[in-house]
Structures are given as structure tokens and as C-alpha cells.
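Data block for data.cif (mmCIF, C-alpha atoms):
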data_final
loop_
_atom_site.label_atom_id
_atom_site.label_comp_id
_atom_site.auth_asym_id
_atom_site.auth_seq_id
_atom_site.Cartn_x
_atom_site.Cartn_y
_atom_site.Cartn_z
CA MET J 1 -43.74 76.08 -43.92
CA ALA J 2 -44.74 74.02 -40.95
CA VAL J 3 -48.13 73.07 -39.50
CA ARG J 4 -48.35 71.25 -36.17
CA VAL J 5 -51.54 70.08 -34.48
CA GLN J 6 -50.69 68.71 -31.06
CA ALA J 7 -51.98 68.03 -27.55
CA GLY J 8 -48.72 68.94 -25.84
CA CYS J 9 -47.77 72.41 -24.69
CA PHE J 10 -45.11 74.46 -26.45
CA ASP J 11 -43.10 77.60 -25.75
CA PRO J 12 -44.01 80.36 -28.25
CA GLY J 13 -40.74 82.15 -27.50
CA ASP J 14 -38.65 79.09 -28.36
CA GLU J 15 -40.73 78.48 -31.49
CA LEU J 16 -40.34 82.06 -32.66
CA ARG J 17 -36.59 82.02 -32.03
CA ARG J 18 -36.17 78.81 -34.07
CA PHE J 19 -38.46 80.13 -36.83
CA THR J 20 -36.44 83.36 -37.09
CA ALA J 21 -33.08 81.60 -36.90
CA ALA J 22 -34.03 79.28 -39.77
CA LEU J 23 -34.68 82.16 -42.19
CA ALA J 24 -31.73 81.96 -44.52
CA GLY J 25 -29.98 84.56 -46.62
CA GLY J 26 -31.68 87.74 -45.39
CA ASN J 27 -34.59 87.53 -47.86
CA ALA J 28 -37.09 88.10 -45.04
CA GLY J 29 -37.01 91.56 -43.52
CA ALA J 30 -40.01 91.07 -41.24
CA VAL J 31 -41.34 88.42 -38.87
CA VAL J 32 -44.79 88.73 -37.30
CA SER J 33 -46.18 86.34 -34.71
CA PHE J 34 -49.45 85.90 -32.86
CA THR J 35 -49.97 83.75 -29.76
CA GLY J 36 -53.45 82.68 -28.64
CA ILE J 37 -54.07 82.12 -24.92
CA VAL J 38 -57.01 80.40 -23.16
CA ARG J 39 -59.10 83.33 -21.90
CA ASN J 40 -61.04 82.98 -18.68
CA THR J 41 -64.75 83.78 -18.55
CA PRO J 42 -65.71 87.30 -17.38
CA SER J 43 -66.64 85.83 -13.98
CA GLY J 44 -63.40 83.83 -13.78
CA ASP J 45 -65.05 80.43 -13.37
CA LEU J 46 -63.39 78.61 -16.27
CA GLN J 47 -61.88 75.33 -15.17
CA VAL J 48 -60.89 73.78 -18.48
CA MET J 49 -61.15 74.66 -22.16
CA GLU J 50 -61.65 71.45 -24.10
CA ILE J 51 -60.67 71.59 -27.76
CA GLU J 52 -61.97 68.92 -30.11
CA HIS J 53 -60.75 68.61 -33.69
CA TYR J 54 -61.11 66.50 -36.84
CA PRO J 55 -57.74 64.74 -37.05
CA ALA J 56 -58.01 63.67 -40.70
CA MET J 57 -58.87 67.20 -41.83
CA THR J 58 -57.16 69.65 -39.47
CA ALA J 59 -53.55 69.65 -40.62
CA PRO J 60 -54.38 69.45 -44.38
CA ALA J 61 -56.90 72.32 -44.04
CA ILE J 62 -54.37 74.52 -42.21
CA ALA J 63 -51.62 73.62 -44.69
CA ALA J 64 -53.89 74.74 -47.54
CA MET J 65 -54.46 78.09 -45.76
CA ALA J 66 -50.71 78.50 -45.23
CA GLU J 67 -50.01 77.78 -48.91
CA THR J 68 -52.59 80.36 -49.97
CA ALA J 69 -51.01 82.93 -47.63
CA ARG J 70 -47.50 82.11 -48.85
CA ASP J 71 -48.46 82.60 -52.49
CA ARG J 72 -50.53 85.74 -51.92
CA TRP J 73 -47.99 87.60 -49.77
CA THR J 74 -44.81 85.94 -51.10
CA LEU J 75 -43.88 84.66 -47.66
CA ALA J 76 -40.38 83.42 -46.96
CA ASP J 77 -41.89 81.06 -44.36
CA ALA J 78 -44.92 80.45 -42.18
CA LEU J 79 -45.58 78.47 -39.02
CA VAL J 80 -48.88 77.40 -37.46
CA ILE J 81 -49.13 75.44 -34.20
CA HIS J 82 -52.54 74.62 -32.74
CA ARG J 83 -53.26 72.53 -29.67
CA TYR J 84 -56.23 70.33 -28.82
CA GLY J 85 -57.37 68.52 -25.68
CA GLN J 86 -57.86 69.95 -22.21
CA LEU J 87 -56.28 73.35 -21.61
CA ALA J 88 -56.22 75.42 -18.43
CA PRO J 89 -57.00 79.16 -18.36
CA GLY J 90 -53.87 81.06 -19.33
CA ALA J 91 -52.42 78.17 -21.35
CA VAL J 92 -51.07 78.77 -24.84
CA ILE J 93 -53.57 77.42 -27.42
CA MET J 94 -51.91 78.30 -30.69
CA MET J 95 -49.46 80.47 -32.54
CA VAL J 96 -48.92 81.80 -36.03
CA ALA J 97 -45.67 83.21 -37.38
CA THR J 98 -45.06 84.67 -40.82
CA ALA J 99 -41.91 85.95 -42.49
CA ALA J 100 -41.86 88.24 -45.53
CA ARG J 101 -39.61 90.79 -47.22
CA HIS J 102 -41.66 93.67 -45.76
CA ARG J 103 -43.76 94.00 -42.63
CA ALA J 104 -47.08 94.83 -44.32
CA ASP J 105 -47.10 91.42 -46.00
CA ALA J 106 -46.08 89.62 -42.81
CA PHE J 107 -48.84 91.36 -40.81
CA ALA J 108 -51.50 90.77 -43.49
CA ALA J 109 -50.60 87.10 -43.88
CA ALA J 110 -50.70 86.56 -40.10
CA GLU J 111 -54.15 88.19 -39.87
CA TYR J 112 -55.39 86.19 -42.83
CA LEU J 113 -54.23 82.95 -41.20
CA MET J 114 -55.83 83.92 -37.88
CA ASP J 115 -59.14 84.79 -39.53
CA TYR J 116 -59.21 81.50 -41.43
CA LEU J 117 -58.13 79.41 -38.44
CA LYS J 118 -61.01 80.88 -36.42
CA SER J 119 -63.73 79.91 -38.85
CA ARG J 120 -62.39 77.29 -41.28
CA ALA J 121 -60.05 75.02 -39.32
CA PRO J 122 -62.04 72.12 -37.80
CA PHE J 123 -61.69 72.91 -34.09
CA TRP J 124 -64.50 73.23 -31.54
CA LYS J 125 -64.11 74.75 -28.10
CA LYS J 126 -66.04 73.67 -25.03
CA GLU J 127 -65.86 75.67 -21.82
CA ILE J 128 -66.03 73.65 -18.63
CA THR J 129 -66.91 76.03 -15.80
CA THR J 130 -67.85 75.54 -12.16
CA SER J 131 -71.49 76.08 -13.21
CA GLY J 132 -71.52 73.65 -16.14
CA ALA J 133 -70.17 72.96 -19.63
CA HIS J 134 -71.11 74.53 -22.93
CA TRP J 135 -69.86 74.66 -26.51
CA VAL J 136 -68.50 78.04 -27.55
CA ALA J 137 -70.69 79.46 -30.32
CA ALA J 138 -69.10 80.79 -33.50
CA ARG J 139 -69.28 84.58 -33.66
CA ASP J 140 -70.79 86.43 -36.62
CA GLU J 141 -67.86 88.88 -36.53
CA ASP J 142 -65.43 86.00 -37.11
CA GLU J 143 -67.37 84.84 -40.15
CA GLN J 144 -67.65 88.40 -41.49
CA ALA J 145 -63.90 88.90 -41.01
CA LEU J 146 -63.30 86.48 -43.90
CA SER J 147 -65.01 88.78 -46.37
CA ARG J 148 -62.12 91.26 -46.27
CA TRP J 149 -59.80 88.71 -47.88
CA MET M 1 -72.26 52.03 -51.01
CA THR M 2 -70.76 52.29 -47.53
CA ILE M 3 -69.88 55.75 -46.22
CA THR M 4 -68.14 56.56 -42.95
CA VAL M 5 -70.16 59.28 -41.22
CA VAL M 6 -68.42 61.25 -38.45
CA TYR M 7 -69.88 63.70 -35.96
CA PHE M 8 -68.15 66.39 -33.90
CA ALA M 9 -68.86 68.65 -30.92
CA TRP M 10 -72.54 68.96 -29.94
CA VAL M 11 -73.63 67.01 -33.02
CA ARG M 12 -71.63 64.05 -31.69
CA GLU M 13 -73.08 64.53 -28.21
CA ARG M 14 -76.66 64.84 -29.43
CA ILE M 15 -76.43 61.73 -31.61
CA GLY M 16 -74.40 59.84 -29.03
CA LEU M 17 -71.65 58.42 -31.21
CA PRO M 18 -68.50 59.75 -32.91
CA ARG M 19 -68.63 57.73 -36.14
CA GLU M 20 -70.48 54.98 -37.93
CA GLU M 21 -70.50 53.09 -41.20
CA VAL M 22 -73.67 53.85 -43.14
CA GLN M 23 -75.06 51.74 -45.97
CA THR M 24 -76.74 54.20 -48.33
CA GLU M 25 -77.67 55.00 -51.90
CA ALA M 26 -78.12 58.72 -51.14
CA ALA M 27 -77.18 60.89 -54.12
CA THR M 28 -76.34 64.01 -52.11
CA VAL M 29 -75.44 65.04 -48.56
CA ALA M 30 -79.00 66.34 -48.13
CA ASP M 31 -80.38 62.92 -49.13
CA LEU M 32 -78.10 61.27 -46.57
CA VAL M 33 -79.31 63.70 -43.90
CA ALA M 34 -82.93 62.83 -44.76
CA GLU M 35 -82.15 59.11 -44.31
CA LEU M 36 -80.46 59.74 -40.95
CA VAL M 37 -83.28 61.99 -39.72
CA ALA M 38 -85.86 59.32 -40.57
CA ARG M 39 -84.08 56.80 -38.30
CA GLU M 40 -84.55 58.15 -34.78
CA GLU M 41 -85.43 61.22 -32.79
CA ARG M 42 -81.82 61.93 -31.75
CA PHE M 43 -80.84 62.30 -35.43
CA ALA M 44 -83.85 64.49 -36.11
CA ALA M 45 -82.82 66.66 -33.14
CA ALA M 46 -79.22 66.97 -34.32
CA PHE M 47 -80.21 67.87 -37.89
CA ALA M 48 -83.21 70.05 -37.00
CA ASP M 49 -81.54 73.26 -38.18
CA LEU M 50 -79.15 72.73 -41.09
CA SER M 51 -78.15 76.41 -41.03
CA ALA M 52 -76.47 75.65 -37.67
CA LEU M 53 -74.42 72.84 -39.22
CA ARG M 54 -71.45 72.49 -41.52
CA VAL M 55 -70.47 69.50 -43.63
CA ALA M 56 -67.19 68.16 -44.96
CA VAL M 57 -66.96 65.49 -47.65
CA ASP M 58 -63.69 63.55 -47.71
CA GLN M 59 -62.23 66.20 -45.37
CA GLU M 60 -63.16 69.17 -47.58
CA LEU M 61 -65.78 71.71 -46.50
CA THR M 62 -68.74 71.68 -48.86
CA THR M 63 -72.48 72.29 -49.00
CA PHE M 64 -75.50 70.09 -48.36
CA ASP M 65 -76.22 69.74 -52.08
CA ALA M 66 -72.81 68.11 -52.68
CA PRO M 67 -72.98 64.75 -54.54
CA LEU M 68 -71.88 61.56 -52.74
CA ALA M 69 -70.76 59.43 -55.69
CA GLY M 70 -67.37 57.90 -54.84
CA VAL M 71 -67.28 59.57 -51.42
CA ARG M 72 -65.75 57.69 -48.48
CA GLU M 73 -66.31 60.00 -45.51
CA VAL M 74 -68.91 62.63 -44.57
CA ALA M 75 -68.51 64.77 -41.44
CA PHE M 76 -71.18 66.85 -39.70
CA PHE M 77 -70.34 69.53 -37.16
CA PRO M 78 -71.26 73.00 -35.88
CA PRO M 79 -69.51 76.14 -37.17
CA MET M 80 -65.85 75.92 -36.25
CA THR M 81 -64.29 77.81 -33.35
CA GLY M 82 -60.54 77.57 -33.76
CA GLY M 83 -57.82 80.05 -32.99
#

In C-alpha cells, how does this file's structure come out?
Amino acid sequence: MAVRVQAGCFDPGDELRRFTAALAGGNAGAVVSFTGIVRNTPSGDLQVMEIEHYPAMTAPAIAAMAETARDRWTLADALVIHRYGQLAPGAVIMMVATAARHRADAFAAAEYLMDYLKSRAPFWKKEITTSGAHWVAARDEDEQALSRW
Amino acid sequence: MTITVVYFAWVRERIGLPREEVQTEAATVADLVAELVAREERFAAAFADLSALRVAVDQELTTFDAPLAGVREVAFFPPMTGG
């Protein structure tokens, strides 16, 4: 399992190819991946998405989520990459990849990781638009999504 | 005891600093918050609505009634927006 918290950009295609290539012995029959992209505002005035995080906590918190997912869905492997800093609209923010014997487990583990990253990994998003800057508020739906696990 | 207190996102902006060393005998996070709030208006403003805040003690999410004995770092921040 690998967790990376970084400012630099990455290529989700390259990451997924390496992740898949490293699965040894054919124990994993399914790989699922999710890529998060910086979404523009409805009016298209987003200049920069600024992502702040808590360096001492971020990677350990995500690693704990990945370990829980691995044990619960018997994952062959998992990968989480999450960026911080100043990101332009359309930039890749993060990705999750999971590998399991069967696809249902790989899908469930990826969704679990996404739900937990949204509400329990210490990141905060700030939208800098042409009309000002504001912190993105946490959504009730994201918090409620955790209850299904 | 000395505790490192760290602030993130709008909590950091409202208080005007990212971290500080605090000399305190507070027994719980809530007691520490009460001491901070009593200092200055900017702290009172940041901690006005605790339901809008989250707290981590030594990098683990916890609740405002968590004890502080032996704790080295307390972090205050709004609900997280990762992903």
C-alpha cells in the first residue's frame, strides 16, 4: 500500500499502469481507480483552488484508512495520492486505486476510501475566484455518506 | 505544561497565526478553548460555534471533552474538505 501527499502534479495514467504492473502472481482480478479533478465554479470564475493540509496528520490518517480498507475487503494493494497547494481548474487533485480478487471488493474499497478522504483526511479547500476567496464548506451529504460503512 | 496549539483554514485566518506554544493547566480540550477564548476577541470569534469546529489531539481526531494529560499538540480546524 502506498500513500503520497504531495504538492507536485502526477499523471494518473502512469500511476495506474505502475500500480497494475506491480500486482504479482495474479491474486488480484480487479483494479478500480478514481481520479479527482479541480472543478470550476458554475460561473467559470475559479482562478485557483488552494488546498491546505495538516502535514503531521495527513499521511498517517490516510494510511490508517487504507489499512482498514485492506483488511475489510482483503485488498491485494491500495494507492492514495493527494495533492496540496495551489491548483488550477482542471488539474488532477488526487487519485485512489484499489486491487482485489473480485471487482465488488475493489469498487467498495475505493468508495470507502473516497468517502473517508472527503470528510476525515485533514485537507481544506479554498476557492480563489475573480470575485473573491472563500473556504469550501463541508457538505452534509459527505458526512452522511460515512454512515453506510 | 506546554502544548503546541495549531490552527488551520479559516480558524487560522481568524486568529491570525498558524501555531503557538501555550502554557496551560487545562484538563480537557474544552478547558483549553475556554482559556483561549478569554484572551482576546479574535479567539472568541474563532471559537464562537464549537459545532463548526473539529479538534485533533496529537494528530488524532477527537472530541472537545478529550483529556489533555500528556498531550503535546492540539489542532483546531473546520470540518475537512478533502478528495

query: Using all atoms listed in the file, which chain M residues lie at most 6 Å away from chain J, written as a PyMOL selection string?
result: chain M and resi 59+79-83

Could you please give me, as a PDB file with C-alpha atoms, in the coordinates of the input, the residues of protein, DNA or RNA lying at most 8 Å from (-67.9, 67.8, -34.1) in the coordinate frame of the file, considering only C-alpha atoms?
ATOM      1  CA  GLU J  52     -61.970  68.920 -30.110  1.00  0.00           C
ATOM      2  CA  HIS J  53     -60.750  68.610 -33.690  1.00  0.00           C
ATOM      3  CA  TYR J  54     -61.110  66.500 -36.840  1.00  0.00           C
ATOM      4  CA  TRP J 124     -64.500  73.230 -31.540  1.00  0.00           C
TER       5      TRP J 124
ATOM      6  CA  VAL M   6     -68.420  61.250 -38.450  1.00  0.00           C
ATOM      7  CA  TYR M   7     -69.880  63.700 -35.960  1.00  0.00           C
ATOM      8  CA  PHE M   8     -68.150  66.390 -33.900  1.00  0.00           C
ATOM      9  CA  ALA M   9     -68.860  68.650 -30.920  1.00  0.00           C
ATOM     10  CA  TRP M  10     -72.540  68.960 -29.940  1.00  0.00           C
ATOM     11  CA  VAL M  11     -73.630  67.010 -33.020  1.00  0.00           C
ATOM     12  CA  ARG M  12     -71.630  64.050 -31.690  1.00  0.00           C
ATOM     13  CA  ALA M  75     -68.510  64.770 -41.440  1.00  0.00           C
ATOM     14  CA  PHE M  76     -71.180  66.850 -39.700  1.00  0.00           C
ATOM     15  CA  PHE M  77     -70.340  69.530 -37.160  1.00  0.00           C
ATOM     16  CA  PRO M  78     -71.260  73.000 -35.880  1.00  0.00           C
TER      17      PRO M  78
END

- request: Quick one: pull the distance between atom CA of J:Ala110 and atom CA of J:Trp149, Å, one decimal.
  value: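 Going from atom CA of J:Ala110 over to atom CA of J:Trp149 covers 12.2 Å.
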
Here's the selection I'm unsure about, the PyMOL selection byres ((chain M and resi 23) around 6); applied to the file above, which residues does it give, as a JSON list (two decimals) with C-alpha atoms, keeping the file's coordinate frame?
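Wrote out-v8.json, looks like this:
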[["chain", "number", "residue", "atom", "x", "y", "z"],
["M", 1, "MET", "CA", -72.26, 52.03, -51.01],
["M", 2, "THR", "CA", -70.76, 52.29, -47.53],
["M", 22, "VAL", "CA", -73.67, 53.85, -43.14],
["M", 24, "THR", "CA", -76.74, 54.20, -48.33]]

message: Assuming the chain letters and numbering stay as they are in my file, what does the PyMOL selection byres ((chain J and resi 133) around 10) actually select? List them as a ChimeraX atom specification.
response: /J:46-50,126-132,134-136

task: Identify all residues satisfying the PyMOL selection byres ((chain J and resi 98-107) around 7) in the given file; provide them as a PyMOL selection string.
output: chain J and resi 27-33+73-79+96-97+108-111

Using C-alpha atoms, can you write the selected residues to a file as a PDB file, in the frame of the given file?
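Result file result.pdb:
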ATOM      1  CA  ASN J  27     -34.590  87.530 -47.860  1.00  0.00           C
ATOM      2  CA  ALA J  28     -37.090  88.100 -45.040  1.00  0.00           C
ATOM      3  CA  GLY J  29     -37.010  91.560 -43.520  1.00  0.00           C
ATOM      4  CA  ALA J  30     -40.010  91.070 -41.240  1.00  0.00           C
ATOM      5  CA  VAL J  31     -41.340  88.420 -38.870  1.00  0.00           C
ATOM      6  CA  VAL J  32     -44.790  88.730 -37.300  1.00  0.00           C
ATOM      7  CA  SER J  33     -46.180  86.340 -34.710  1.00  0.00           C
ATOM      8  CA  TRP J  73     -47.990  87.600 -49.770  1.00  0.00           C
ATOM      9  CA  THR J  74     -44.810  85.940 -51.100  1.00  0.00           C
ATOM     10  CA  LEU J  75     -43.880  84.660 -47.660  1.00  0.00           C
ATOM     11  CA  ALA J  76     -40.380  83.420 -46.960  1.00  0.00           C
ATOM     12  CA  ASP J  77     -41.890  81.060 -44.360  1.00  0.00           C
ATOM     13  CA  ALA J  78     -44.920  80.450 -42.180  1.00  0.00           C
ATOM     14  CA  LEU J  79     -45.580  78.470 -39.020  1.00  0.00           C
ATOM     15  CA  VAL J  96     -48.920  81.800 -36.030  1.00  0.00           C
ATOM     16  CA  ALA J  97     -45.670  83.210 -37.380  1.00  0.00           C
ATOM     17  CA  ALA J 108     -51.500  90.770 -43.490  1.00  0.00           C
ATOM     18  CA  ALA J 109     -50.600  87.100 -43.880  1.00  0.00           C
ATOM     19  CA  ALA J 110     -50.700  86.560 -40.100  1.00  0.00           C
ATOM     20  CA  GLU J 111     -54.150  88.190 -39.870  1.00  0.00           C
TER      21      GLU J 111
END

message: One number please: atom CA of M:Thr28 to atom CA of M:Ala66, in Å, one decimal.
response: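 Going from atom CA of M:Thr28 over to atom CA of M:Ala66 covers 5.4 Å.
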
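Atom CA of J:Asp11 is positioned 15.2 Å from atom CA of J:Ala88.
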
message: Quick one: residues within 9 Å of M:Glu73, only C-alpha atoms, excluding same-chain residues fewer than 6 positions away - as an NGL selection string?
response: :M and (3-6 or 56-59)

Polymer residues at most 10 Å from M:Phe47, only C-alpha atoms, same-chain spacing of 3 or more positions, as a PyMOL selection string: chain M and resi 11+14-15+33-34+36-37+41-44+50-53+76

message: Here is a test: counting all atoms listed in the file, which residue of J:Pro12, J:Val3, J:Tyr112, J:Ile62 is nearest to J:Val92?
response: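 Among J:Pro12, J:Val3, J:Tyr112, J:Ile62, it is J:Pro12 that comes nearest to J:Val92.
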
Place N, CA, C and O atoms on stretch 35-48 of chain M and deliver the coordinates as a JSON list (two decimals), in the coordinates of the input.
[["chain", "number", "residue", "atom", "x", "y", "z"],
["M", 35, "GLU", "N", -82.13, 60.51, -44.75],
["M", 35, "GLU", "CA", -82.15, 59.11, -44.31],
["M", 35, "GLU", "C", -81.84, 59.01, -42.82],
["M", 35, "GLU", "O", -82.46, 58.23, -42.09],
["M", 36, "LEU", "N", -80.84, 59.78, -42.38],
["M", 36, "LEU", "CA", -80.46, 59.74, -40.95],
["M", 36, "LEU", "C", -81.60, 60.26, -40.07],
["M", 36, "LEU", "O", -81.90, 59.67, -39.03],
["M", 37, "VAL", "N", -82.20, 61.37, -40.50],
["M", 37, "VAL", "CA", -83.28, 61.99, -39.72],
["M", 37, "VAL", "C", -84.47, 61.03, -39.56],
["M", 37, "VAL", "O", -85.12, 61.01, -38.51],
["M", 38, "ALA", "N", -84.71, 60.23, -40.60],
["M", 38, "ALA", "CA", -85.86, 59.32, -40.57],
["M", 38, "ALA", "C", -85.65, 58.17, -39.59],
["M", 38, "ALA", "O", -86.61, 57.49, -39.20],
["M", 39, "ARG", "N", -84.38, 57.94, -39.17],
["M", 39, "ARG", "CA", -84.08, 56.80, -38.30],
["M", 39, "ARG", "C", -84.65, 56.92, -36.88],
["M", 39, "ARG", "O", -85.35, 56.06, -36.41],
["M", 40, "GLU", "N", -84.27, 58.03, -36.22],
["M", 40, "GLU", "CA", -84.55, 58.15, -34.78],
["M", 40, "GLU", "C", -84.62, 59.61, -34.39],
["M", 40, "GLU", "O", -84.03, 60.45, -35.06],
["M", 41, "GLU", "N", -85.25, 59.86, -33.27],
["M", 41, "GLU", "CA", -85.43, 61.22, -32.79],
["M", 41, "GLU", "C", -84.10, 61.95, -32.55],
["M", 41, "GLU", "O", -83.97, 63.13, -32.83],
["M", 42, "ARG", "N", -83.09, 61.24, -32.06],
["M", 42, "ARG", "CA", -81.82, 61.93, -31.75],
["M", 42, "ARG", "C", -81.16, 62.48, -33.03],
["M", 42, "ARG", "O", -80.51, 63.51, -33.00],
["M", 43, "PHE", "N", -81.36, 61.78, -34.16],
["M", 43, "PHE", "CA", -80.84, 62.30, -35.43],
["M", 43, "PHE", "C", -81.66, 63.50, -35.89],
["M", 43, "PHE", "O", -81.12, 64.49, -36.36],
["M", 44, "ALA", "N", -82.97, 63.38, -35.74],
["M", 44, "ALA", "CA", -83.85, 64.49, -36.11],
["M", 44, "ALA", "C", -83.49, 65.73, -35.29],
["M", 44, "ALA", "O", -83.45, 66.85, -35.82],
["M", 45, "ALA", "N", -83.18, 65.53, -34.01],
["M", 45, "ALA", "CA", -82.82, 66.66, -33.14],
["M", 45, "ALA", "C", -81.50, 67.29, -33.59],
["M", 45, "ALA", "O", -81.37, 68.52, -33.66],
["M", 46, "ALA", "N", -80.53, 66.45, -33.93],
["M", 46, "ALA", "CA", -79.22, 66.97, -34.32],
["M", 46, "ALA", "C", -79.27, 67.73, -35.64],
["M", 46, "ALA", "O", -78.56, 68.71, -35.84],
["M", 47, "PHE", "N", -80.15, 67.26, -36.56],
["M", 47, "PHE", "CA", -80.21, 67.87, -37.89],
["M", 47, "PHE", "C", -81.41, 68.82, -38.06],
["M", 47, "PHE", "O", -81.78, 69.15, -39.17],
["M", 48, "ALA", "N", -82.00, 69.23, -36.94],
["M", 48, "ALA", "CA", -83.21, 70.05, -37.00],
["M", 48, "ALA", "C", -82.99, 71.37, -37.74],
["M", 48, "ALA", "O", -83.85, 71.83, -38.47]]
